[in-house]
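Asker: Next comes the structure file protein-v5.pdb, holding PDB, C-alpha atoms.
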ATOM      1  CA  MET A  22      97.124 133.645  93.297
ATOM      2  CA  ASN A  23      95.341 130.731  91.616
ATOM      3  CA  ARG A  24      98.004 130.496  88.893
ATOM      4  CA  ARG A  25     100.677 130.120  91.566
ATOM      5  CA  ARG A  26      98.653 127.356  93.179
ATOM      6  CA  VAL A  27      98.120 125.584  89.847
ATOM      7  CA  LEU A  28     101.883 125.562  89.308
ATOM      8  CA  LEU A  29     102.405 124.260  92.837
ATOM      9  CA  ALA A  30      99.784 121.556  92.209
ATOM     10  CA  TRP A  31     101.576 120.551  88.984
ATOM     11  CA  ARG A  32     104.811 120.287  90.917
ATOM     12  CA  LEU A  33     103.117 118.014  93.445
ATOM     13  CA  LEU A  34     102.346 115.553  90.637
ATOM     14  CA  ARG A  35     106.052 114.744  90.691
ATOM     15  CA  LEU A  36     105.392 112.974  93.989
ATOM     16  CA  TYR A  37     103.353 110.293  92.183
ATOM     17  CA  PRO A  38     105.036 107.056  91.030
ATOM     18  CA  PRO A  39     106.315 107.021  87.416
ATOM     19  CA  ARG A  40     103.743 104.479  86.233
ATOM     20  CA  TRP A  41     100.905 106.633  87.547
ATOM     21  CA  ARG A  42     102.426 109.732  85.937
ATOM     22  CA  ASP A  43     102.767 108.028  82.551
ATOM     23  CA  ARG A  44      99.097 107.211  82.603
ATOM     24  CA  TYR A  45      97.343 110.115  84.336
ATOM     25  CA  GLU A  46      99.595 113.173  84.714
ATOM     26  CA  LEU A  47      98.523 115.019  81.555
ATOM     27  CA  GLU A  48      94.851 114.512  82.312
ATOM     28  CA  VAL A  49      95.195 115.680  85.901
ATOM     29  CA  ARG A  50      97.163 118.741  84.777
ATOM     30  CA  ALA A  51      94.268 119.629  82.479
ATOM     31  CA  VAL A  52      91.775 119.161  85.341
ATOM     32  CA  LEU A  53      93.884 121.386  87.607
ATOM     33  CA  GLU A  54      93.701 124.170  85.023
ATOM     34  CA  ASP A  55      89.890 124.171  85.206
ATOM     35  CA  HIS A  56      89.419 123.271  88.853
ATOM     36  CA  PRO A  57      89.857 125.974  91.524
ATOM     37  CA  VAL A  58      93.046 124.943  93.323
ATOM     38  CA  ARG A  59      92.623 125.434  97.068
ATOM     39  CA  LEU A  60      94.739 124.215  99.973
ATOM     40  CA  ILE A  61      92.528 121.151 100.276
ATOM     41  CA  THR A  62      93.293 120.389  96.601
ATOM     42  CA  LEU A  63      97.033 120.418  97.340
ATOM     43  CA  ALA A  64      96.637 118.294 100.472
ATOM     44  CA  ASP A  65      94.435 115.869  98.506
ATOM     45  CA  LEU A  66      97.134 115.521  95.835
ATOM     46  CA  ILE A  67      99.735 114.690  98.494
ATOM     47  CA  ALA A  68      97.373 112.101  99.990
ATOM     48  CA  GLY A  69      96.756 110.705  96.486
ATOM     49  CA  ALA A  70     100.508 110.453  95.880
ATOM     50  CA  ILE A  71     101.011 108.521  99.123
ATOM     51  CA  ASP A  72      98.107 106.244  98.221
ATOM     52  CA  ALA A  73      99.547 105.627  94.725
ATOM     53  CA  ARG A  74     103.005 104.953  96.202
ATOM     54  CA  PHE A  75     101.546 102.135  98.291
ATOM     55  CA  ASP A  76      99.338 100.811  95.494
ATOM     56  CA  PRO A  77     100.869  97.578  94.109
ATOM     57  CA  ALA A  78      99.522  98.451  90.649
ATOM     58  CA  TYR A  79     102.013 101.328  90.386
ATOM     59  CA  GLN A  80     105.022  99.489  91.842
ATOM     60  CA  PRO A  81     107.950  98.989  89.417
ATOM     61  CA  GLU A  82     108.507  95.207  89.964
ATOM     62  CA  GLU A  83     110.331  93.482  92.884
ATOM     63  CA  GLY A  84     108.976  91.030  95.425
ATOM     64  CA  PHE A  85     110.402  90.126  98.815
ATOM     65  CA  MET A  86     114.140  90.669  99.341
ATOM     66  CA  SER A  87     116.819  88.753 101.211
ATOM     67  CA  GLY A  88     119.011  90.570 103.770
ATOM     68  CA  SER A  89     121.908  91.099 101.358
ATOM     69  CA  LYS A  90     119.554  92.319  98.679
ATOM     70  CA  ARG A  91     118.031  94.731 101.199
ATOM     71  CA  GLN A  92     121.506  96.075 101.995
ATOM     72  CA  ASP A  93     122.160  96.367  98.290
ATOM     73  CA  ARG A  94     118.887  98.225  97.922
ATOM     74  CA  ARG A  95     119.935 100.609 100.726
ATOM     75  CA  ASP A  96     123.197 101.278  98.928
ATOM     76  CA  HIS A  97     121.292 102.091  95.779
ATOM     77  CA  ALA A  98     118.407 103.812  97.521
ATOM     78  CA  HIS A  99     116.558 106.562  95.723
ATOM     79  CA  CYS A 100     113.832 108.989  96.731
ATOM     80  CA  SER A 101     110.470 107.244  96.356
ATOM     81  CA  PHE A 102     108.831 110.540  95.341
ATOM     82  CA  CYS A 103     111.128 112.216  92.788
ATOM     83  CA  GLY A 104     113.284 109.190  91.953
ATOM     84  CA  LYS A 105     116.656 110.875  92.596
ATOM     85  CA  ALA A 106     119.452 108.560  93.789
ATOM     86  CA  LYS A 107     121.066 108.789  97.205
ATOM     87  CA  ASP A 108     124.147 110.533  95.785
ATOM     88  CA  GLN A 109     122.081 113.116  93.905
ATOM     89  CA  VAL A 110     120.484 114.566  97.036
ATOM     90  CA  ARG A 111     121.759 116.196 100.207
ATOM     91  CA  LYS A 112     119.880 113.876 102.536
ATOM     92  CA  LEU A 113     117.764 110.769 102.035
ATOM     93  CA  VAL A 114     115.486 109.731 104.883
ATOM     94  CA  ALA A 115     114.218 106.152 105.151
ATOM     95  CA  GLY A 116     110.606 105.442 106.035
ATOM     96  CA  PRO A 117     108.725 102.125 106.185
ATOM     97  CA  GLY A 118     109.465 100.820 102.677
ATOM     98  CA  VAL A 119     109.973 104.313 101.228
ATOM     99  CA  TYR A 120     112.632 107.005 101.052
ATOM    100  CA  ILE A 121     112.225 110.752 100.816
ATOM    101  CA  CYS A 122     114.875 113.324  99.917
ATOM    102  CA  ASP A 123     115.415 116.796 101.370
ATOM    103  CA  SER A 124     113.962 118.512  98.235
ATOM    104  CA  CYS A 125     110.699 116.601  98.480
ATOM    105  CA  ILE A 126     110.493 117.374 102.204
ATOM    106  CA  GLU A 127     110.999 121.047 101.272
ATOM    107  CA  LEU A 128     108.200 120.812  98.714
ATOM    108  CA  CYS A 129     105.852 119.351 101.326
ATOM    109  CA  ASN A 130     106.905 122.074 103.783
ATOM    110  CA  GLU A 131     106.123 124.698 101.164
ATOM    111  CA  VAL A 132     102.602 123.357 100.771
ATOM    112  CA  LEU A 133     102.051 123.046 104.495
ATOM    113  CA  SER A 134     103.400 126.505 105.255
ATOM    114  CA  ALA A 135     101.283 128.072 102.452
ATOM    115  CA  GLU A 136      98.479 127.852 105.000
ATOM    116  CA  ASP A 137     100.146 130.556 107.081
ATOM    117  CA  ARG A 138     100.612 133.015 104.222
ATOM    118  CA  PRO A 139      98.452 136.138 104.150
ATOM    119  CA  GLY A 140      95.545 135.877 101.741
ATOM    120  CA  ASP A 141      95.086 132.151 102.244
ATOM    121  CA  GLN A 142      93.130 132.614 105.446
ATOM    122  CA  PRO A 143      91.241 135.477 107.046
ATOM    123  CA  PRO A 144      93.522 137.367 109.454
ATOM    124  CA  ALA A 145      93.085 136.032 112.966
ATOM    125  CA  ASP A 146      92.508 138.288 115.924
ATOM    126  CA  ALA A 147      95.889 138.960 117.549
ATOM    127  CA  SER A 148      94.713 138.334 121.093
ATOM    128  CA  GLN A 149      93.131 135.048 120.010
ATOM    129  CA  ALA A 150      96.261 134.016 118.158
ATOM    130  CA  SER A 151      98.404 134.513 121.238
ATOM    131  CA  ARG A 152      96.115 132.261 123.274
ATOM    132  CA  ARG A 153      96.264 129.483 120.661
ATOM    133  CA  GLU A 154      98.493 126.448 121.048
ATOM    134  CA  PRO A 155     101.750 126.951 119.136
ATOM    135  CA  ARG A 156     101.528 125.371 115.668
ATOM    136  CA  PRO A 157     104.114 122.607 115.183
ATOM    137  CA  ASN A 158     106.779 123.482 112.646
ATOM    138  CA  PRO A 159     106.154 121.372 109.479
ATOM    139  CA  ARG A 160     109.833 120.537 109.236
ATOM    140  CA  SER A 161     109.945 119.085 112.746
ATOM    141  CA  TRP A 162     106.627 117.373 112.102
ATOM    142  CA  VAL A 163     107.990 115.521 109.060
ATOM    143  CA  ARG A 164     111.204 114.772 110.948
ATOM    144  CA  ASN A 165     109.257 113.345 113.894
ATOM    145  CA  ILE A 166     107.204 111.084 111.651
ATOM    146  CA  PHE A 167     110.330 109.530 110.218
ATOM    147  CA  ARG A 168     112.059 109.364 113.611
ATOM    148  CA  SER A 169     109.132 107.466 115.001
ATOM    149  CA  THR A 170     109.249 104.847 112.233
ATOM    150  CA  VAL A 171     112.964 104.345 111.574
ATOM    151  CA  PRO A 172     115.999 104.631 113.829
ATOM    152  CA  ASP A 173     118.095 106.840 111.603
ATOM    153  CA  ALA A 174     118.567 108.548 108.284
ATOM    154  CA  ILE A 175     120.857 107.035 105.692
TER     155      ILE A 175
ATOM    156  CA  MET B 126      88.101 113.320 101.640
ATOM    157  CA  PRO B 127      87.361 116.888 100.677
ATOM    158  CA  ARG B 128      83.760 117.960 100.911
ATOM    159  CA  ARG B 129      82.078 121.194 100.235
ATOM    160  CA  SER B 130      78.818 121.233 102.088
ATOM    161  CA  SER B 131      77.965 118.496 104.524
ATOM    162  CA  ASP B 132      80.009 116.459 106.973
ATOM    163  CA  LEU B 133      77.848 113.483 106.090
ATOM    164  CA  GLY B 134      79.597 113.573 102.735
ATOM    165  CA  ARG B 135      82.498 111.641 104.185
ATOM    166  CA  PHE B 136      80.353 108.508 104.068
ATOM    167  CA  SER B 137      79.843 108.749 100.355
ATOM    168  CA  ASP B 138      82.055 106.630  98.190
ATOM    169  CA  PRO B 139      83.906 108.399  95.353
ATOM    170  CA  SER B 140      83.775 105.262  93.198
ATOM    171  CA  LEU B 141      80.012 105.078  93.489
ATOM    172  CA  LEU B 142      79.707 108.775  92.636
ATOM    173  CA  ILE B 143      81.844 108.273  89.525
ATOM    174  CA  LEU B 144      79.793 105.276  88.391
ATOM    175  CA  ALA B 145      76.589 107.251  88.914
ATOM    176  CA  SER B 146      78.018 110.182  86.970
ATOM    177  CA  LEU B 147      79.078 108.028  84.020
ATOM    178  CA  ALA B 148      75.674 106.304  83.969
ATOM    179  CA  SER B 149      74.385 109.248  81.950
ATOM    180  CA  GLY B 150      77.189 109.045  79.354
ATOM    181  CA  PRO B 151      80.968 109.413  78.929
ATOM    182  CA  ARG B 152      82.645 112.303  80.767
ATOM    183  CA  HIS B 153      86.198 113.527  81.341
ATOM    184  CA  GLY B 154      87.642 114.240  84.794
ATOM    185  CA  TYR B 155      86.567 117.825  85.302
ATOM    186  CA  ALA B 156      83.106 117.202  83.835
ATOM    187  CA  MET B 157      82.715 114.406  86.418
ATOM    188  CA  ILE B 158      83.700 116.770  89.251
ATOM    189  CA  LEU B 159      81.045 119.291  88.149
ATOM    190  CA  ASP B 160      78.349 116.682  87.592
ATOM    191  CA  ILE B 161      79.003 114.937  90.917
ATOM    192  CA  GLU B 162      78.918 118.251  92.749
ATOM    193  CA  GLU B 163      75.593 119.067  91.141
ATOM    194  CA  PHE B 164      73.791 115.822  91.917
ATOM    195  CA  SER B 165      75.361 114.971  95.296
ATOM    196  CA  GLY B 166      76.733 118.223  96.771
ATOM    197  CA  THR B 167      80.126 116.521  97.131
ATOM    198  CA  ARG B 168      83.067 118.238  95.489
ATOM    199  CA  LEU B 169      85.693 115.618  94.685
ATOM    200  CA  GLU B 170      89.249 116.911  94.480
ATOM    201  CA  PRO B 171      91.449 115.682  91.588
ATOM    202  CA  GLY B 172      93.671 113.523  93.846
ATOM    203  CA  THR B 173      90.681 111.600  95.160
ATOM    204  CA  LEU B 174      88.981 111.481  91.764
ATOM    205  CA  TYR B 175      91.964 109.973  89.963
ATOM    206  CA  GLY B 176      92.662 107.542  92.834
ATOM    207  CA  ALA B 177      89.153 106.175  92.304
ATOM    208  CA  ILE B 178      89.349 106.324  88.484
ATOM    209  CA  GLY B 179      92.503 104.166  88.564
ATOM    210  CA  ARG B 180      90.831 101.533  90.715
ATOM    211  CA  LEU B 181      87.619 101.495  88.686
ATOM    212  CA  GLU B 182      89.586 101.163  85.475
ATOM    213  CA  ARG B 183      91.545  98.190  86.829
ATOM    214  CA  ARG B 184      88.324  96.490  87.877
ATOM    215  CA  GLY B 185      86.978  97.003  84.396
ATOM    216  CA  TRP B 186      84.000  99.029  85.650
ATOM    217  CA  ILE B 187      84.938 102.078  83.586
ATOM    218  CA  ALA B 188      87.050 102.371  80.429
ATOM    219  CA  PRO B 189      89.074 105.237  78.973
ATOM    220  CA  LEU B 190      88.110 106.576  75.561
ATOM    221  CA  GLN B 191      90.299 108.358  73.030
ATOM    222  CA  ALA B 192      91.664 111.558  74.602
ATOM    223  CA  GLN B 193      90.374 114.836  73.173
ATOM    224  CA  GLU B 194      93.386 117.132  73.420
ATOM    225  CA  ARG B 195      94.506 116.450  76.990
ATOM    226  CA  ARG B 196      91.056 115.593  78.320
ATOM    227  CA  ARG B 197      90.283 111.897  78.335
ATOM    228  CA  PRO B 198      86.655 110.836  78.690
ATOM    229  CA  TYR B 199      85.683 107.655  80.539
ATOM    230  CA  VAL B 200      82.725 105.405  79.866
ATOM    231  CA  LEU B 201      80.768 103.061  82.117
ATOM    232  CA  THR B 202      81.286  99.430  81.054
ATOM    233  CA  PRO B 203      78.539  96.779  81.211
ATOM    234  CA  SER B 204      80.155  95.289  84.340
ATOM    235  CA  GLY B 205      80.327  98.785  85.858
ATOM    236  CA  ALA B 206      76.641  99.268  85.164
ATOM    237  CA  ALA B 207      75.931  95.882  86.768
ATOM    238  CA  ALA B 208      77.978  96.852  89.853
ATOM    239  CA  LEU B 209      76.082 100.122  90.157
ATOM    240  CA  ARG B 210      72.766  98.336  89.737
ATOM    241  CA  GLU B 211      73.755  95.982  92.527
ATOM    242  CA  GLN B 212      74.852  98.712  94.962
ATOM    243  CA  LEU B 213      72.024 101.201  94.545
ATOM    244  CA  PRO B 214      69.197  99.128  96.089
ATOM    245  CA  ALA B 215      71.333  98.670  99.237
ATOM    246  CA  LEU B 216      71.812 102.442  99.458
ATOM    247  CA  GLN B 217      68.126 102.943  98.912
ATOM    248  CA  ARG B 218      67.364 100.555 101.776
ATOM    249  CA  VAL B 219      69.753 102.498 104.040
ATOM    250  CA  ALA B 220      68.091 105.775 103.081
ATOM    251  CA  SER B 221      64.540 104.552 103.535
ATOM    252  CA  THR B 222      65.335 102.814 106.841
ATOM    253  CA  GLY B 223      67.004 106.012 108.086
ATOM    254  CA  MET B 224      63.993 108.124 107.050
ATOM    255  CA  GLU B 225      61.574 105.705 108.639
ATOM    256  CA  ARG B 226      63.461 105.697 111.935
ATOM    257  CA  LEU B 227      63.747 109.470 111.921
ATOM    258  CA  ARG B 228      59.987 109.727 111.543
ATOM    259  CA  ALA B 229      59.619 107.507 114.620
ATOM    260  CA  ILE B 230      61.867 109.888 116.604
ATOM    261  CA  ARG B 231      59.799 112.930 115.597
ATOM    262  CA  SER B 232      56.462 111.442 116.654
TER     263      SER B 232
END
What's the structure tokens form of this structure?
Answerer:
Amino acid sequence: MNRRRVLLAWRLLRLYPPRWRDRYELEVRAVLEDHPVRLITLADLIAGAIDARFDPAYQPEEGFMSGSKRQDRRDHAHCSFCGKAKDQVRKLVAGPGVYICDSCIELCNEVLSAEDRPGDQPPADASQASRREPRPNPRSWVRNIFRSTVPDAI
Amino acid sequence: MPRRSSDLGRFSDPSLLILASLASGPRHGYAMILDIEEFSGTRLEPGTLYGAIGRLERRGWIAPLQAQERRRPYVLTPSGAAALREQLPALQRVASTGMERLRAIRS
């Protein structure tokens, strides 16, 4: 079980910006081999990746863009997490200053849905479970976030 | 921020914990996690730890040493030690004021 989580955690390091990965990825991989990888560890890595994506120290270059440059950028958009270009993915969704592709959304879904797998949590009482509020589907959750920030996908 | 024991842990600052950990000598990432957990009860997760390490390194408060295999130790720099020295008395004042006021509540 822990080995599977370590591999998942290593995969999540792909969400970090290239400059961060050049500098820290090997070290963090080593830490993840020693450290017990729990769900909070995976969620913390995703949060760290988002933080690093917004950190100017790990940005490639670029300053402010004119309108035509912005259009040009849209035409050459690539996933901010894995770096794949628009034409290398099935779908690329635009967020505020970032893009995410369908594969990276899948990866996030996988982590979020791991919570529901048996063995990750003690089994809940069936009668209690039926009274609980329905859990939002991670896919629709991610979709809603992007819908609320941008009008449409590319 | 992930915590193991107490909810109050959310008020602790990972950067401060790292500086305090390195005050006793160079350590690599996982050694810091273990040391910090032992002296503060806060278990830092790798995402949070390396977010803070990056910032501390850029400020020049800690410095990377030569990696041993894949594990890279970090060392507290003189300016990092000065920053820690500056922050600790403020924390001590917060702690002693809190204790003092709690004693007033009890009596």
Asker: So which one's closest to chain A, B:Gly154, B:Pro189, B:Gly205, B:Pro198? Using all atoms listed in the file, please.
Answerer: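 Distance minimum relative to chain A lands on B:Gly154.
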Asker: Write out as a VMD selection string every residue belonging to chain A that has an atom at most 12 Å from any atom of chain B, counting all atoms listed in the file.
Answerer: chain A and resid 30 to 31 33 to 34 36 to 37 40 to 42 44 to 79
Asker: Identify the residues around (84.8, 103.9, 92.6) within a radius of 6 Å, measuring from all atoms listed in the file in the coordinates stated by the file, and give them as a PyMOL selection string.
Answerer: chain B and resi 139-141+177+181
Asker: Please provide as a list in words all residues within 12 Å of Gly104 in chain A, with the sequence filter that same-chain residues fewer than 3 positions apart are discarded (counting only C-alpha atoms).
Answerer: Arg35, Leu36, Tyr37, Pro38, Pro39, Arg74, Pro81, His97, Ala98, His99, Cys100, Ser101, Lys107, Asp108, Gln109, Val110, Leu113, Val119, Tyr120, Ile121, Cys122, Ser124 and Cys125 of chain A
Asker: Please indicate the distance in Å from CA of Gly185 in chain B to CA of Phe102 in chain A, rounded to one decimal place.
Answerer: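 The value is 27.9 Å.
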Asker: Which distance in Å separates CA of Pro151 in chain B and CA of Tyr199 in chain B, to one decimal?
Answerer: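 Between CA of Pro151 in chain B and CA of Tyr199 in chain B the gap is 5.3 Å.
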Asker: Report, in Å to a single decimal, how far apart CA of Gln80 in chain A and CA of Arg26 in chain A are.
Answerer: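 The value is 28.6 Å.
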Asker: Name the residues captured by the PyMOL selection byres ((chain A and resi 129) around 9) when it is applied to the shown file; answer as a list in words.
Answerer: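 In the shown coordinates, the PyMOL selection byres ((chain A and resi 129) around 9) covers Leu33, Ile67, Ser124, Cys125, Ile126, Glu127, Leu128, Asn130, Glu131, Val132, Leu133, Ser134, Pro159, Arg160 and Val163 of chain A.
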Asker: Using all atoms listed in the file for the distances, tell me which of B:Asp138, B:Glu163, B:Ile187, B:Arg168 is nearest to Gly150 in chain B.
Answerer: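 Between B:Asp138, B:Glu163, B:Ile187, B:Arg168, the residue approaching Gly150 in chain B most closely is B:Ile187.
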Asker: Got a sec: who's within 12 Å of Leu213 in chain B, counting all atoms listed in the file, leaving out chain neighbours fewer than 6 positions off, as a list in words?
Answerer: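 Those residues are Asp138, Leu141, Leu142, Leu144, Ala145, Ala206, Ala207, Val219 and Ala220 of chain B.
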Asker: I'd like to know which of B:Arg226, B:Arg218, B:Arg231, B:Arg152 is closest to Gln191 in chain B, using only C-alpha atoms.
Answerer: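 Closest to Gln191 in chain B, using only C-alpha atoms: B:Arg152.
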Asker: Kindly add N, CA and C atoms to the incomplete range 147-181 of chain B and provide the output as a compact mmCIF listing (two decimals), keeping the file's coordinate frame.
Answerer:
# COMPACT_ATOMS: atom_id res chain seq x y z
N LEU B 147 78.88 108.56 85.37
CA LEU B 147 79.08 108.03 84.02
C LEU B 147 77.85 107.27 83.51
N ALA B 148 76.89 107.02 84.40
CA ALA B 148 75.67 106.30 83.97
C ALA B 148 74.90 107.13 82.95
N SER B 149 75.13 108.45 82.93
CA SER B 149 74.39 109.25 81.95
C SER B 149 75.20 109.51 80.69
N GLY B 150 76.38 108.90 80.58
CA GLY B 150 77.19 109.04 79.35
C GLY B 150 78.64 109.33 79.69
N PRO B 151 79.54 109.21 78.68
CA PRO B 151 80.97 109.41 78.93
C PRO B 151 81.26 110.85 79.37
N ARG B 152 82.24 110.97 80.29
CA ARG B 152 82.64 112.30 80.77
C ARG B 152 84.13 112.28 81.06
N HIS B 153 84.80 113.43 80.91
CA HIS B 153 86.20 113.53 81.34
C HIS B 153 86.25 113.98 82.80
N GLY B 154 87.47 114.00 83.36
CA GLY B 154 87.64 114.24 84.79
C GLY B 154 86.93 115.46 85.34
N TYR B 155 87.15 116.62 84.72
CA TYR B 155 86.57 117.82 85.30
C TYR B 155 85.05 117.85 85.15
N ALA B 156 84.56 117.28 84.03
CA ALA B 156 83.11 117.20 83.84
C ALA B 156 82.48 116.32 84.92
N MET B 157 83.22 115.27 85.33
CA MET B 157 82.72 114.41 86.42
C MET B 157 82.63 115.20 87.72
N ILE B 158 83.69 115.98 88.01
CA ILE B 158 83.70 116.77 89.25
C ILE B 158 82.47 117.69 89.30
N LEU B 159 82.18 118.36 88.18
CA LEU B 159 81.04 119.29 88.15
C LEU B 159 79.72 118.55 88.29
N ASP B 160 79.60 117.44 87.56
CA ASP B 160 78.35 116.68 87.59
C ASP B 160 78.10 116.11 88.99
N ILE B 161 79.15 115.55 89.59
CA ILE B 161 79.00 114.94 90.92
C ILE B 161 78.63 116.00 91.94
N GLU B 162 79.24 117.18 91.81
CA GLU B 162 78.92 118.25 92.75
C GLU B 162 77.45 118.65 92.61
N GLU B 163 76.97 118.64 91.37
CA GLU B 163 75.59 119.07 91.14
C GLU B 163 74.58 118.06 91.69
N PHE B 164 74.83 116.76 91.46
CA PHE B 164 73.79 115.82 91.92
C PHE B 164 73.97 115.35 93.35
N SER B 165 75.18 115.50 93.93
CA SER B 165 75.36 114.97 95.30
C SER B 165 75.79 116.03 96.31
N GLY B 166 76.25 117.20 95.83
CA GLY B 166 76.73 118.22 96.77
C GLY B 166 78.15 117.94 97.24
N THR B 167 78.76 116.87 96.74
CA THR B 167 80.13 116.52 97.13
C THR B 167 81.10 117.00 96.06
N ARG B 168 82.07 117.80 96.47
CA ARG B 168 83.07 118.24 95.49
C ARG B 168 84.30 117.34 95.62
N LEU B 169 84.51 116.48 94.66
CA LEU B 169 85.69 115.62 94.68
C LEU B 169 86.90 116.44 94.23
N GLU B 170 88.01 116.26 94.90
CA GLU B 170 89.25 116.91 94.48
C GLU B 170 89.97 115.97 93.50
N PRO B 171 90.82 116.53 92.62
CA PRO B 171 91.45 115.68 91.59
C PRO B 171 92.23 114.49 92.14
N GLY B 172 92.91 114.64 93.28
CA GLY B 172 93.67 113.52 93.85
C GLY B 172 92.77 112.35 94.18
N THR B 173 91.64 112.65 94.80
CA THR B 173 90.68 111.60 95.16
C THR B 173 90.03 111.03 93.91
N LEU B 174 89.65 111.92 92.99
CA LEU B 174 88.98 111.48 91.76
C LEU B 174 89.85 110.49 91.00
N TYR B 175 91.11 110.84 90.77
CA TYR B 175 91.96 109.97 89.96
C TYR B 175 92.42 108.73 90.71
N GLY B 176 92.42 108.76 92.06
CA GLY B 176 92.66 107.54 92.83
C GLY B 176 91.54 106.55 92.54
N ALA B 177 90.31 107.05 92.54
CA ALA B 177 89.15 106.18 92.30
C ALA B 177 89.08 105.75 90.83
N ILE B 178 89.38 106.68 89.92
CA ILE B 178 89.35 106.32 88.48
C ILE B 178 90.31 105.17 88.19
N GLY B 179 91.52 105.23 88.77
CA GLY B 179 92.50 104.17 88.56
C GLY B 179 91.97 102.81 89.01
N ARG B 180 91.34 102.81 90.18
CA ARG B 180 90.83 101.53 90.72
C ARG B 180 89.66 101.01 89.87
N LEU B 181 88.78 101.91 89.48
CA LEU B 181 87.62 101.50 88.69
C LEU B 181 88.05 100.96 87.32
